[in-house]
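> Below is the file input.txt, with compact mmCIF, C-alpha atoms and all ligand atoms.
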# COMPACT_ATOMS: atom_id res chain seq x y z
CA MET U 1 9.24 12.92 -28.55
CA ALA U 2 5.86 14.59 -28.01
CA GLU U 3 5.94 17.53 -25.64
CA LEU U 4 6.30 16.48 -22.00
CA PRO U 5 3.13 16.96 -19.98
CA ASP U 6 3.06 19.80 -17.50
CA MET U 7 4.26 19.07 -13.95
CA LEU U 8 6.40 16.09 -14.86
CA PHE U 9 9.48 16.16 -12.65
CA LYS U 10 12.73 14.66 -13.93
CA LYS U 11 15.10 12.57 -11.77
CA GLU U 12 12.95 13.04 -8.69
CA ALA U 13 13.95 11.19 -5.51
CA ILE U 14 11.20 8.86 -4.33
CA ALA U 15 12.25 8.72 -0.65
CA PRO U 16 10.42 11.91 0.42
CA TYR U 17 7.13 10.51 -0.87
CA ALA U 18 7.58 7.09 0.74
CA TYR U 19 6.25 6.08 4.13
CA THR U 20 9.57 4.28 4.81
CA GLN U 21 11.48 7.36 3.56
CA VAL U 22 13.62 5.23 1.24
CA GLY U 23 13.84 4.90 -2.54
CA GLY U 24 16.15 6.10 -5.32
CA PRO U 25 15.16 8.49 -8.13
CA ALA U 26 12.34 8.10 -10.65
CA ASP U 27 13.24 9.06 -14.23
CA TYR U 28 9.95 11.00 -14.28
CA LEU U 29 7.45 11.61 -11.51
CA ALA U 30 3.98 13.15 -11.64
CA LYS U 31 1.16 13.72 -9.19
CA PRO U 32 -2.01 14.29 -11.26
CA GLU U 33 -4.81 16.27 -9.64
CA THR U 34 -7.65 14.94 -11.77
CA VAL U 35 -8.55 11.55 -13.22
CA THR U 36 -8.35 13.13 -16.70
CA ALA U 37 -4.77 14.24 -16.03
CA LEU U 38 -3.97 10.73 -14.78
CA MET U 39 -5.38 9.19 -17.97
CA ASP U 40 -3.46 11.67 -20.14
CA LEU U 41 -0.23 10.72 -18.36
CA LEU U 42 -0.93 7.01 -18.86
CA ALA U 43 -1.61 7.64 -22.56
CA PHE U 44 1.58 9.68 -22.91
CA ALA U 45 3.68 6.95 -21.24
CA ARG U 46 2.07 4.32 -23.50
CA GLU U 47 2.96 6.38 -26.60
CA GLN U 48 6.55 6.75 -25.40
CA GLY U 49 6.79 3.08 -24.43
CA TRP U 50 7.78 4.07 -20.89
CA PRO U 51 7.34 1.60 -18.04
CA THR U 52 4.81 3.10 -15.61
CA PHE U 53 4.45 2.64 -11.84
CA VAL U 54 1.25 3.85 -10.21
CA LEU U 55 1.88 4.25 -6.50
CA GLY U 56 -0.06 5.52 -3.50
CA ARG U 57 1.50 6.30 -0.13
CA LEU U 58 4.36 3.78 -0.59
CA SER U 59 3.46 2.22 2.75
CA ASN U 60 3.83 -1.30 1.39
CA LEU U 61 6.67 -0.75 -0.99
CA VAL U 62 10.45 -0.60 -1.06
CA VAL U 63 12.04 1.14 -4.03
CA ARG U 64 15.66 0.04 -4.37
CA SER U 65 18.44 2.63 -4.19
CA GLY U 66 18.92 2.80 -7.99
CA GLY U 67 15.32 3.98 -8.41
CA LEU U 68 12.73 3.40 -11.12
CA ARG U 69 13.23 3.73 -14.87
CA GLY U 70 10.21 5.26 -16.57
CA LEU U 71 7.28 7.18 -15.10
CA VAL U 72 6.10 7.12 -11.48
CA ILE U 73 2.56 8.39 -10.96
CA LEU U 74 1.57 9.22 -7.39
CA THR U 75 -2.20 9.11 -6.86
CA THR U 76 -2.30 10.99 -3.58
CA ALA U 77 -3.90 14.15 -5.02
CA LEU U 78 -6.91 12.13 -6.28
CA LYS U 79 -8.79 11.98 -3.03
CA SER U 80 -12.44 12.87 -3.44
CA ILE U 81 -15.15 10.79 -1.76
CA ARG U 82 -18.85 10.82 -2.63
CA GLN U 83 -21.77 9.15 -0.92
CA GLU U 84 -24.61 7.26 -2.58
CA GLY U 85 -26.90 5.89 0.13
CA GLN U 86 -24.81 3.45 2.16
CA GLN U 87 -22.01 3.44 -0.37
CA LEU U 88 -18.87 5.57 -0.29
CA ILE U 89 -17.15 5.93 -3.64
CA ALA U 90 -13.56 7.00 -3.14
CA GLU U 91 -10.87 8.00 -5.61
CA ALA U 92 -7.71 5.90 -5.67
CA GLY U 93 -5.48 8.35 -3.83
CA CYS U 94 -7.89 8.88 -0.96
CA ASP U 95 -6.24 8.27 2.38
CA PHE U 96 -7.61 5.00 3.81
CA ILE U 97 -7.57 6.33 7.38
CA TRP U 98 -9.55 9.39 6.24
CA LEU U 99 -12.08 7.18 4.44
CA ALA U 100 -12.62 5.22 7.68
CA ALA U 101 -13.09 8.52 9.54
CA VAL U 102 -15.62 9.75 6.97
CA ALA U 103 -17.57 6.48 7.27
CA GLN U 104 -17.69 6.95 11.04
CA ARG U 105 -18.96 10.56 10.75
CA LYS U 106 -21.67 9.37 8.37
CA GLY U 107 -22.76 6.55 10.68
CA LEU U 108 -21.61 3.83 8.27
CA THR U 109 -20.12 0.66 9.71
CA GLY U 110 -17.73 -1.78 7.97
CA LEU U 111 -14.45 0.13 7.85
CA GLU U 112 -13.48 0.28 11.53
CA TRP U 113 -10.55 -2.10 10.95
CA ALA U 114 -9.09 0.32 8.37
CA ALA U 115 -8.68 3.17 10.85
CA GLY U 116 -4.91 2.64 11.26
CA ILE U 117 -3.81 1.50 7.80
CA PRO U 118 -1.71 4.34 6.40
CA GLY U 119 -2.10 3.76 2.64
CA THR U 120 -4.47 4.87 -0.11
CA VAL U 121 -7.69 3.32 -1.40
CA GLY U 122 -5.81 2.13 -4.53
CA GLY U 123 -3.11 0.47 -2.42
CA ALA U 124 -5.72 -1.17 -0.16
CA VAL U 125 -7.61 -2.60 -3.15
CA PHE U 126 -4.41 -3.73 -4.89
CA MET U 127 -3.18 -5.46 -1.69
CA ASN U 128 -6.61 -6.49 -0.32
CA ALA U 129 -5.44 -4.87 2.89
CA GLY U 130 -6.92 -6.07 6.15
CA ALA U 131 -6.65 -6.04 9.92
CA TYR U 132 -8.53 -7.13 13.06
CA GLY U 133 -10.81 -9.52 11.16
CA GLY U 134 -11.74 -6.96 8.48
CA GLN U 135 -10.50 -6.97 4.91
CA THR U 136 -10.98 -4.80 1.83
CA ASP U 137 -12.82 -7.55 -0.05
CA GLN U 138 -15.58 -7.57 2.59
CA VAL U 139 -16.66 -4.05 1.68
CA VAL U 140 -15.43 -3.22 -1.83
CA THR U 141 -18.09 -4.15 -4.36
CA ALA U 142 -16.80 -2.39 -7.50
CA VAL U 143 -13.52 -0.96 -8.75
CA LYS U 144 -13.10 1.33 -11.73
CA ALA U 145 -9.73 0.99 -13.45
CA VAL U 146 -7.87 1.93 -16.63
CA LEU U 147 -6.58 -1.15 -18.43
CA ALA U 148 -3.08 -1.29 -19.88
CA ASN U 149 -4.58 -0.49 -23.33
CA GLY U 150 -6.26 2.68 -22.03
CA GLN U 151 -9.82 1.34 -21.81
CA VAL U 152 -11.80 2.01 -18.66
CA ARG U 153 -13.47 -1.02 -17.05
CA THR U 154 -15.43 -1.61 -13.86
CA PHE U 155 -14.50 -4.80 -12.00
CA SER U 156 -16.84 -6.47 -9.51
CA GLY U 157 -17.43 -9.83 -7.83
CA GLU U 158 -15.16 -12.66 -8.93
CA ALA U 159 -13.42 -10.49 -11.53
CA LEU U 160 -11.65 -8.75 -8.63
CA ALA U 161 -9.96 -12.11 -7.74
CA PHE U 162 -9.52 -11.06 -4.13
CA GLY U 163 -7.49 -13.42 -1.93
CA TYR U 164 -5.14 -13.09 1.02
CA ARG U 165 -3.20 -9.89 0.22
CA HIS U 166 -4.11 -10.43 -3.43
CA SER U 167 -6.31 -8.83 -6.12
CA VAL U 168 -6.56 -9.09 -9.89
CA PHE U 169 -4.62 -5.80 -10.18
CA GLN U 170 -1.42 -7.60 -9.19
CA GLU U 171 -1.62 -9.41 -12.54
CA ASN U 172 -3.48 -7.23 -15.02
CA GLY U 173 -1.39 -4.02 -14.88
CA ALA U 174 -4.54 -1.85 -14.66
CA THR U 175 -4.60 1.47 -12.82
CA ILE U 176 -7.26 1.73 -10.13
CA ILE U 177 -9.20 5.02 -10.40
CA GLU U 178 -11.92 4.59 -7.77
CA ALA U 179 -13.55 1.99 -5.53
CA THR U 180 -17.06 1.58 -4.17
CA PHE U 181 -17.33 0.65 -0.49
CA SER U 182 -20.73 -0.82 0.40
CA LEU U 183 -21.32 -0.25 4.10
CA GLN U 184 -24.14 -0.69 6.62
CA LYS U 185 -25.90 1.80 8.87
CA GLY U 186 -24.34 1.94 12.32
CA ASP U 187 -24.05 4.01 15.46
CA PRO U 188 -21.25 6.61 15.10
CA LYS U 189 -20.32 6.25 18.79
CA ALA U 190 -20.01 2.46 18.59
CA ILE U 191 -18.02 2.79 15.35
CA GLN U 192 -15.64 5.27 16.98
CA ALA U 193 -15.24 3.04 20.05
CA LEU U 194 -14.20 0.08 17.86
CA MET U 195 -11.78 2.27 15.88
CA ASP U 196 -10.24 3.51 19.12
CA GLN U 197 -9.91 -0.05 20.38
CA HIS U 198 -8.09 -1.14 17.20
CA ASN U 199 -5.84 1.90 17.21
CA TYR U 200 -4.97 1.39 20.85
CA ALA U 201 -4.04 -2.25 20.16
CA ARG U 202 -1.97 -1.13 17.15
CA ALA U 203 -0.09 1.56 19.07
CA SER U 204 0.72 -0.83 21.91
CA LYS U 205 2.20 -3.48 19.57
CA GLN U 206 3.60 -1.63 16.56
CA PRO U 207 6.57 0.77 16.27
CA LEU U 208 4.44 3.64 14.94
CA ASN U 209 7.04 6.26 15.91
CA LEU U 210 9.44 5.13 13.15
CA PRO U 211 9.04 4.89 9.35
CA SER U 212 8.20 1.34 8.28
CA ASN U 213 6.18 -0.73 5.82
CA GLY U 214 4.00 -2.45 8.37
CA SER U 215 4.28 -6.24 8.34
CA VAL U 216 7.04 -7.13 5.91
CA PHE U 217 6.05 -10.78 5.44
CA LYS U 218 2.81 -12.60 4.73
CA ARG U 219 1.53 -14.95 7.39
CA PRO U 220 3.06 -18.36 6.63
CA GLU U 221 0.58 -21.24 6.93
CA GLY U 222 0.50 -22.45 10.54
CA TYR U 223 2.88 -19.79 11.89
CA PHE U 224 3.20 -16.09 12.64
CA ALA U 225 6.06 -14.37 10.78
CA GLY U 226 6.79 -12.03 13.71
CA LYS U 227 7.08 -14.90 16.20
CA LEU U 228 9.42 -16.89 13.91
CA ILE U 229 11.63 -13.81 13.51
CA MET U 230 11.58 -13.08 17.24
CA ASP U 231 12.39 -16.70 18.16
CA THR U 232 15.28 -16.65 15.67
CA GLY U 233 16.71 -13.80 17.73
CA LEU U 234 16.67 -11.28 14.90
CA GLN U 235 15.12 -8.27 16.66
CA GLY U 236 17.51 -5.33 16.53
CA THR U 237 19.44 -6.81 13.56
CA LYS U 238 20.46 -4.00 11.18
CA VAL U 239 21.60 -3.57 7.62
CA GLY U 240 22.63 0.04 7.10
CA GLY U 241 19.77 2.13 8.49
CA ALA U 242 17.12 -0.63 8.27
CA MET U 243 16.46 -2.61 11.45
CA VAL U 244 14.19 -5.47 12.56
CA SER U 245 11.96 -3.68 15.06
CA THR U 246 12.55 -4.44 18.73
CA LYS U 247 8.86 -3.71 19.40
CA HIS U 248 7.30 -5.93 16.68
CA ALA U 249 9.57 -8.46 14.96
CA GLY U 250 7.39 -8.48 11.80
CA PHE U 251 8.22 -4.81 11.14
CA MET U 252 11.44 -3.33 9.74
CA VAL U 253 12.04 0.27 10.71
CA ASN U 254 14.17 3.02 9.25
CA VAL U 255 16.41 4.06 12.12
CA GLY U 256 18.17 6.74 10.10
CA GLN U 257 19.40 7.20 6.56
CA ALA U 258 18.29 3.72 5.41
CA GLU U 259 18.46 3.05 1.67
CA GLY U 260 16.10 0.88 -0.35
CA ASN U 261 18.89 -1.67 -0.77
CA ASP U 262 19.33 -1.91 3.02
CA TYR U 263 15.71 -3.02 3.32
CA GLU U 264 16.06 -5.62 0.60
CA ASP U 265 19.29 -6.98 2.13
CA LEU U 266 17.71 -7.14 5.59
CA ILE U 267 14.69 -8.97 4.16
CA HIS U 268 16.97 -11.58 2.58
CA LEU U 269 18.99 -11.91 5.79
CA VAL U 270 15.80 -12.56 7.81
CA GLN U 271 14.41 -15.01 5.22
CA GLY U 272 17.70 -16.97 5.26
CA ALA U 273 17.94 -17.10 9.06
CA VAL U 274 14.30 -18.19 9.53
CA HIS U 275 14.66 -20.81 6.81
CA ASP U 276 17.83 -22.20 8.42
CA ARG U 277 16.22 -22.40 11.84
CA TYR U 278 12.66 -23.49 11.04
CA GLY U 279 12.67 -24.55 7.38
CA VAL U 280 9.89 -21.98 6.76
CA ASP U 281 10.06 -19.74 3.67
CA LEU U 282 8.84 -16.25 4.48
CA GLU U 283 7.16 -14.59 1.51
CA THR U 284 7.20 -10.80 1.40
CA GLU U 285 3.94 -8.88 1.69
CA VAL U 286 5.94 -5.74 0.95
CA ARG U 287 6.62 -5.19 -2.74
CA ILE U 288 10.15 -4.45 -3.91
CA LEU U 289 10.69 -2.45 -7.10
CA GLY U 290 13.47 -0.72 -9.02
CA GLU U 291 17.16 -1.07 -9.74
CA ARG U 292 19.90 -1.80 -7.17
C1 LIG F 301 2.49 1.34 10.25
C2 LIG F 301 1.87 0.50 9.17
C3 LIG F 301 0.81 -0.34 9.47
C4 LIG F 301 0.24 -1.13 8.46
N1 LIG F 301 -0.80 -1.94 8.80
C5 LIG F 301 -1.38 -2.70 7.86
C6 LIG F 301 -2.47 -3.56 8.18
O1 LIG F 301 -2.93 -3.63 9.31
N2 LIG F 301 -3.00 -4.31 7.19
C7 LIG F 301 -2.55 -4.27 5.91
O2 LIG F 301 -3.09 -4.96 5.04
N3 LIG F 301 -1.51 -3.45 5.57
C8 LIG F 301 -0.93 -2.67 6.50
N4 LIG F 301 0.12 -1.86 6.16
C9 LIG F 301 0.66 -1.87 4.78
C10 LIG F 301 0.06 -0.80 3.85
O3 LIG F 301 -0.33 0.34 4.56
C11 LIG F 301 -1.11 -1.34 3.04
O4 LIG F 301 -0.73 -2.44 2.24
C12 LIG F 301 -1.71 -0.26 2.13
O5 LIG F 301 -2.94 -0.71 1.63
C13 LIG F 301 -0.81 0.13 0.95
O6 LIG F 301 -1.32 1.30 0.35
P1 LIG F 301 -0.35 2.36 -0.38
O7 LIG F 301 -1.17 3.43 -0.94
O8 LIG F 301 0.73 2.77 0.55
O9 LIG F 301 0.25 1.45 -1.52
P2 LIG F 301 1.73 1.53 -2.12
O10 LIG F 301 2.69 1.01 -1.10
O11 LIG F 301 2.00 2.86 -2.69
O12 LIG F 301 1.62 0.50 -3.30
C14 LIG F 301 1.43 -0.90 -3.01
C15 LIG F 301 1.14 -1.59 -4.36
O13 LIG F 301 -0.15 -1.15 -4.81
C16 LIG F 301 -0.06 -0.65 -6.13
N5 LIG F 301 -1.00 0.47 -6.28
C17 LIG F 301 -1.18 1.52 -5.45
N6 LIG F 301 -2.13 2.34 -5.94
C18 LIG F 301 -2.54 1.82 -7.11
C19 LIG F 301 -3.50 2.21 -8.10
N7 LIG F 301 -4.23 3.32 -7.97
N8 LIG F 301 -3.67 1.43 -9.18
C20 LIG F 301 -2.94 0.29 -9.34
N9 LIG F 301 -2.01 -0.14 -8.44
C21 LIG F 301 -1.82 0.62 -7.34
C22 LIG F 301 1.38 -0.19 -6.30
O14 LIG F 301 1.78 -0.21 -7.64
C23 LIG F 301 2.14 -1.21 -5.45
O15 LIG F 301 2.46 -2.37 -6.18
C24 LIG F 301 0.73 -1.07 7.15
C25 LIG F 301 1.80 -0.21 6.84
C26 LIG F 301 2.36 0.57 7.84
C27 LIG F 301 3.49 1.48 7.48
Could you quickly redo this structure as structure tokens?

Amino acid sequence: MAELPDMLFKKEAIAPYAYTQVGGPADYLAKPETVTALMDLLAFAREQGWPTFVLGRLSNLVVRSGGLRGLVILTTALKSIRQEGQQLIAEAGCDFIWLAAVAQRKGLTGLEWAAGIPGTVGGAVFMNAGAYGGQTDQVVTAVKAVLANGQVRTFSGEALAFGYRHSVFQENGATIIEATFSLQKGDPKAIQALMDQHNYARASKQPLNLPSNGSVFKRPEGYFAGKLIMDTGLQGTKVGGAMVSTKHAGFMVNVGQAEGNDYEDLIHLVQGAVHDRYGVDLETEVRILGER
């Protein structure tokens, strides 16, 4: 085997890097500090034939207790932002909440809804994250990514295939390097007021004091996942250390020492109970990866 790149950790537990604080070990884990280092790692993994998982803040992800075989690349050190007129161009690992704060300081409106979403730019693009009537696809006009064959390509318009919690990156296996956010001029005070309003609403409804993945399920047509779960009487139900939140039934919180498998088992329990009661199939928004 070619020499291992520098700063590649072996058998590294994923839980400390995950917003939920769960997840078994990665065979190899790296946190590149430049896009060049990221591309070198991708090329190395391709040469070795290793499966590769590019992850951000793991705020929408459950890694099962057995962990991930292959290479995990965390993007969180790639966080620069540059401004070109009314556009902010952010690297994939840039904190989404920070990006919204930067837009506010610069008097750019369009990202107020993002102020409380605790992931990265890459995760937001991949998931087409959204809240309070705003969504990533309303402001992202171009995304630079490395394709599975190593080529760099810029995606825009229909090629991004944005939909409800969907983007082309869920199918094409490309690694997002940076995204362009096209914003409008606005009043910093009005922007801040709207951000505060959203964050107040969030804090009053969501269990932000405990590790979670946000809303576990997508919104089923004609229903609200949280209401179905609440009406099925599942709040407070636990598997191991994972529990259906008593504050917001759509969230599952880590109430201590949860494992990735606990989350998956609790998800299946909730899906089964809601199906039995209402005949509705809840589809996960959260992504589940790895071995049991
Ligand atoms: C308290 C809380 C509140 C939340 N509120 C919201 C909300 O209001 N709206 C909402 O939409 N979501 C919300 N979420 C979910 C989550 O924060 C978002 O989905 C976020 O965009 C995920 O970003 P991440 O960096 O954590 O992605 P991760 O969880 O690390 O990864 C998610 C997926 O994206 C892929 N990915 C990440 N980076 C890249 C990259 N650079 N290239 C290719 N693929 C990549 C990963 O492979 C994975 O499949 C919430 C979560 C929490 C914990």
> Compare U:Glu47, U:Asp265, U:Glu259, U:Glu91 by their minimum atom-to-atom distance to Val63 in chain U, counting only C-alpha atoms, and give me the closest one.
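Smallest separation from Val63 in chain U among the options: U:Glu259.
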> Considering all atoms listed in the file, tabulate each residue of chain U that lies at most 7 Å from ligand LIG 301 (chain F) along with its nearest interatomic pair and the corresponding distance in Å to one decimal; arrange the rows by chain and ascending residue number and present them as a Markdown table.

| residue | atom | partner | partner_atom | distance |
| --- | --- | --- | --- | --- |
| U:Tyr19 | CA | F:LIG301 | C27 | 6.3 |
| U:Phe53 | CA | F:LIG301 | O14 | 5.7 |
| U:Val54 | CA | F:LIG301 | O14 | 4.8 |
| U:Leu55 | CA | F:LIG301 | O11 | 4.1 |
| U:Gly56 | CA | F:LIG301 | O11 | 3.5 |
| U:Arg57 | CA | F:LIG301 | O8 | 3.7 |
| U:Leu58 | CA | F:LIG301 | O10 | 3.3 |
| U:Ser59 | CA | F:LIG301 | O8 | 3.5 |
| U:Asn60 | CA | F:LIG301 | O10 | 3.6 |
| U:Leu61 | CA | F:LIG301 | O10 | 4.4 |
| U:Thr75 | CA | F:LIG301 | N7 | 6.2 |
| U:Ala92 | CA | F:LIG301 | N7 | 4.9 |
| U:Gly93 | CA | F:LIG301 | N7 | 6.6 |
| U:Gly116 | CA | F:LIG301 | N1 | 6.6 |
| U:Ile117 | CA | F:LIG301 | N1 | 4.7 |
| U:Pro118 | CA | F:LIG301 | O3 | 4.6 |
| U:Gly119 | CA | F:LIG301 | O6 | 3.5 |
| U:Thr120 | CA | F:LIG301 | O7 | 3.7 |
| U:Val121 | CA | F:LIG301 | O7 | 6.5 |
| U:Gly122 | CA | F:LIG301 | N6 | 3.9 |
| U:Gly123 | CA | F:LIG301 | O6 | 3.4 |
| U:Ala124 | CA | F:LIG301 | O5 | 3.3 |
| U:Val125 | CA | F:LIG301 | O5 | 6.9 |
| U:Phe126 | CA | F:LIG301 | O13 | 5.0 |
| U:Met127 | CA | F:LIG301 | O4 | 5.5 |
| U:Asn128 | CA | F:LIG301 | O2 | 6.6 |
| U:Ala129 | CA | F:LIG301 | O2 | 3.2 |
| U:Gly130 | CA | F:LIG301 | O2 | 4.1 |
| U:Ala131 | CA | F:LIG301 | O1 | 4.5 |
| U:Arg165 | CA | F:LIG301 | O2 | 6.9 |
| U:Phe169 | CA | F:LIG301 | C20 | 6.4 |
| U:Ala174 | CA | F:LIG301 | C20 | 6.0 |
| U:Thr175 | CA | F:LIG301 | N8 | 3.8 |
| U:Ile176 | CA | F:LIG301 | N8 | 3.7 |
| U:Ile177 | CA | F:LIG301 | N7 | 5.8 |
| U:Leu208 | CA | F:LIG301 | C1 | 5.6 |
| U:Pro211 | CA | F:LIG301 | C27 | 6.8 |
| U:Ser212 | CA | F:LIG301 | C27 | 4.8 |
| U:Asn213 | CA | F:LIG301 | C27 | 3.9 |
| U:Gly214 | CA | F:LIG301 | C26 | 3.5 |
| U:Ser215 | CA | F:LIG301 | C24 | 6.4 |
| U:Arg287 | CA | F:LIG301 | O15 | 6.1 |
> With C-alpha atoms retained, write the just-selected residues as a PDB file, in the frame of the given file.

ATOM      1  CA  TYR U  19       6.250   6.080   4.130  1.00  0.00           C
ATOM      2  CA  PHE U  53       4.450   2.640 -11.840  1.00  0.00           C
ATOM      3  CA  VAL U  54       1.250   3.850 -10.210  1.00  0.00           C
ATOM      4  CA  LEU U  55       1.880   4.250  -6.500  1.00  0.00           C
ATOM      5  CA  GLY U  56      -0.060   5.520  -3.500  1.00  0.00           C
ATOM      6  CA  ARG U  57       1.500   6.300  -0.130  1.00  0.00           C
ATOM      7  CA  LEU U  58       4.360   3.780  -0.590  1.00  0.00           C
ATOM      8  CA  SER U  59       3.460   2.220   2.750  1.00  0.00           C
ATOM      9  CA  ASN U  60       3.830  -1.300   1.390  1.00  0.00           C
ATOM     10  CA  LEU U  61       6.670  -0.750  -0.990  1.00  0.00           C
ATOM     11  CA  THR U  75      -2.200   9.110  -6.860  1.00  0.00           C
ATOM     12  CA  ALA U  92      -7.710   5.900  -5.670  1.00  0.00           C
ATOM     13  CA  GLY U  93      -5.480   8.350  -3.830  1.00  0.00           C
ATOM     14  CA  GLY U 116      -4.910   2.640  11.260  1.00  0.00           C
ATOM     15  CA  ILE U 117      -3.810   1.500   7.800  1.00  0.00           C
ATOM     16  CA  PRO U 118      -1.710   4.340   6.400  1.00  0.00           C
ATOM     17  CA  GLY U 119      -2.100   3.760   2.640  1.00  0.00           C
ATOM     18  CA  THR U 120      -4.470   4.870  -0.110  1.00  0.00           C
ATOM     19  CA  VAL U 121      -7.690   3.320  -1.400  1.00  0.00           C
ATOM     20  CA  GLY U 122      -5.810   2.130  -4.530  1.00  0.00           C
ATOM     21  CA  GLY U 123      -3.110   0.470  -2.420  1.00  0.00           C
ATOM     22  CA  ALA U 124      -5.720  -1.170  -0.160  1.00  0.00           C
ATOM     23  CA  VAL U 125      -7.610  -2.600  -3.150  1.00  0.00           C
ATOM     24  CA  PHE U 126      -4.410  -3.730  -4.890  1.00  0.00           C
ATOM     25  CA  MET U 127      -3.180  -5.460  -1.690  1.00  0.00           C
ATOM     26  CA  ASN U 128      -6.610  -6.490  -0.320  1.00  0.00           C
ATOM     27  CA  ALA U 129      -5.440  -4.870   2.890  1.00  0.00           C
ATOM     28  CA  GLY U 130      -6.920  -6.070   6.150  1.00  0.00           C
ATOM     29  CA  ALA U 131      -6.650  -6.040   9.920  1.00  0.00           C
ATOM     30  CA  ARG U 165      -3.200  -9.890   0.220  1.00  0.00           C
ATOM     31  CA  PHE U 169      -4.620  -5.800 -10.180  1.00  0.00           C
ATOM     32  CA  ALA U 174      -4.540  -1.850 -14.660  1.00  0.00           C
ATOM     33  CA  THR U 175      -4.600   1.470 -12.820  1.00  0.00           C
ATOM     34  CA  ILE U 176      -7.260   1.730 -10.130  1.00  0.00           C
ATOM     35  CA  ILE U 177      -9.200   5.020 -10.400  1.00  0.00           C
ATOM     36  CA  LEU U 208       4.440   3.640  14.940  1.00  0.00           C
ATOM     37  CA  PRO U 211       9.040   4.890   9.350  1.00  0.00           C
ATOM     38  CA  SER U 212       8.200   1.340   8.280  1.00  0.00           C
ATOM     39  CA  ASN U 213       6.180  -0.730   5.820  1.00  0.00           C
ATOM     40  CA  GLY U 214       4.000  -2.450   8.370  1.00  0.00           C
ATOM     41  CA  SER U 215       4.280  -6.240   8.340  1.00  0.00           C
ATOM     42  CA  ARG U 287       6.620  -5.190  -2.740  1.00  0.00           C
TER      43      ARG U 287
END
> As a count of residues only, please: the residues near range 225-242 of chain U (cut-off 8 Å, all atoms listed in the file, same-chain neighbours under 6 positions excluded).
25
> Excluding same-chain residues fewer than 5 positions from Tyr132 in chain U, what lies within 12 Å of it counting all atoms listed in the file, as a PyMOL selection string?
chain U and resi 110-117+194-195+197-199+201-202
> Quick one: of U:Asn261, U:Gln271, U:Asn209, U:Thr136, who's nearest to Lys247 in chain U, counting all atoms listed in the file?
U:Asn209
> Which polymer residues, protein or nucleic acid, are no farther than 7 Å from (6.2, 9.3, -7.3), counting all atoms listed in the file, as number ranges by chain?
U: 14, 17, 29-31, 55, 72-74
> Save out the residues we just selected, C-alpha atoms, as a CSV table (one decimal), in the frame of the given file.

chain,number,residue,atom,x,y,z
U,14,ILE,CA,11.2,8.9,-4.3
U,17,TYR,CA,7.1,10.5,-0.9
U,29,LEU,CA,7.4,11.6,-11.5
U,30,ALA,CA,4.0,13.2,-11.6
U,31,LYS,CA,1.2,13.7,-9.2
U,55,LEU,CA,1.9,4.2,-6.5
U,72,VAL,CA,6.1,7.1,-11.5
U,73,ILE,CA,2.6,8.4,-11.0
U,74,LEU,CA,1.6,9.2,-7.4
> Within 10 Å of Leu108 in chain U, counting all atoms listed in the file, which residues show up once you throw out same-chain ones fewer than 5 positions away? Write them as a ChimeraX atom specification, please.
/U:85-88,100-103,182-188,191
> For CA of Gly133 in chain U and CA of Ser245 in chain U, determine how far apart the two atoms are, in Å to one decimal place.
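CA of Ser245 in chain U lies 23.8 Å from CA of Gly133 in chain U.
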> Mind pulling up the distance from CA of Pro51 in chain U to CA of Gln170 in chain U?
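We find that CA of Gln170 in chain U and CA of Pro51 in chain U lie 15.5 Å from each other.
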> One decimal, in Å: what's the spacing between CA of Leu8 in chain U and CA of Gly150 in chain U?
19.8 Å
> Find the residue from U:Asp137, U:Asp276, U:Glu264, U:Asp6 that sits nearest to Leu289 in chain U; use all atoms listed in the file when measuring.
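With all atoms listed in the file as the atom set, the closest residue is U:Glu264.
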> Which residue is closest to Tyr223 in chain U? Choose from U:Ala148, U:Leu41, U:Glu12, U:Asp281 and count only C-alpha atoms.
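Using only C-alpha atoms, the shortest distance to Tyr223 in chain U belongs to U:Asp281.
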> Taking N, CA, C and O atoms as the atom set, what does range 91-96 of chain U look like once completed, written as a PDB file, keeping the file's coordinate frame?

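Saved to result-v3.pdb:
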ATOM      1  N   GLU U  91     -11.928   8.028  -4.589  1.00  0.00           N
ATOM      2  CA  GLU U  91     -10.870   8.000  -5.610  1.00  0.00           C
ATOM      3  C   GLU U  91      -9.645   7.263  -5.066  1.00  0.00           C
ATOM      4  O   GLU U  91      -9.423   7.183  -3.848  1.00  0.00           O
ATOM      5  N   ALA U  92      -8.803   6.811  -6.017  1.00  0.00           N
ATOM      6  CA  ALA U  92      -7.710   5.900  -5.670  1.00  0.00           C
ATOM      7  C   ALA U  92      -6.724   6.466  -4.668  1.00  0.00           C
ATOM      8  O   ALA U  92      -6.152   5.731  -3.874  1.00  0.00           O
ATOM      9  N   GLY U  93      -6.502   7.780  -4.698  1.00  0.00           N
ATOM     10  CA  GLY U  93      -5.480   8.350  -3.830  1.00  0.00           C
ATOM     11  C   GLY U  93      -5.995   8.747  -2.460  1.00  0.00           C
ATOM     12  O   GLY U  93      -5.246   9.264  -1.625  1.00  0.00           O
ATOM     13  N   CYS U  94      -7.297   8.503  -2.247  1.00  0.00           N
ATOM     14  CA  CYS U  94      -7.890   8.880  -0.960  1.00  0.00           C
ATOM     15  C   CYS U  94      -7.212   8.115   0.171  1.00  0.00           C
ATOM     16  O   CYS U  94      -6.994   6.916   0.083  1.00  0.00           O
ATOM     17  N   ASP U  95      -6.886   8.843   1.205  1.00  0.00           N
ATOM     18  CA  ASP U  95      -6.240   8.270   2.380  1.00  0.00           C
ATOM     19  C   ASP U  95      -7.212   7.275   3.037  1.00  0.00           C
ATOM     20  O   ASP U  95      -8.356   7.612   3.322  1.00  0.00           O
ATOM     21  N   PHE U  96      -6.729   6.056   3.284  1.00  0.00           N
ATOM     22  CA  PHE U  96      -7.610   5.000   3.810  1.00  0.00           C
ATOM     23  C   PHE U  96      -8.090   5.350   5.231  1.00  0.00           C
ATOM     24  O   PHE U  96      -9.245   5.091   5.577  1.00  0.00           O
TER      25      PHE U  96
END
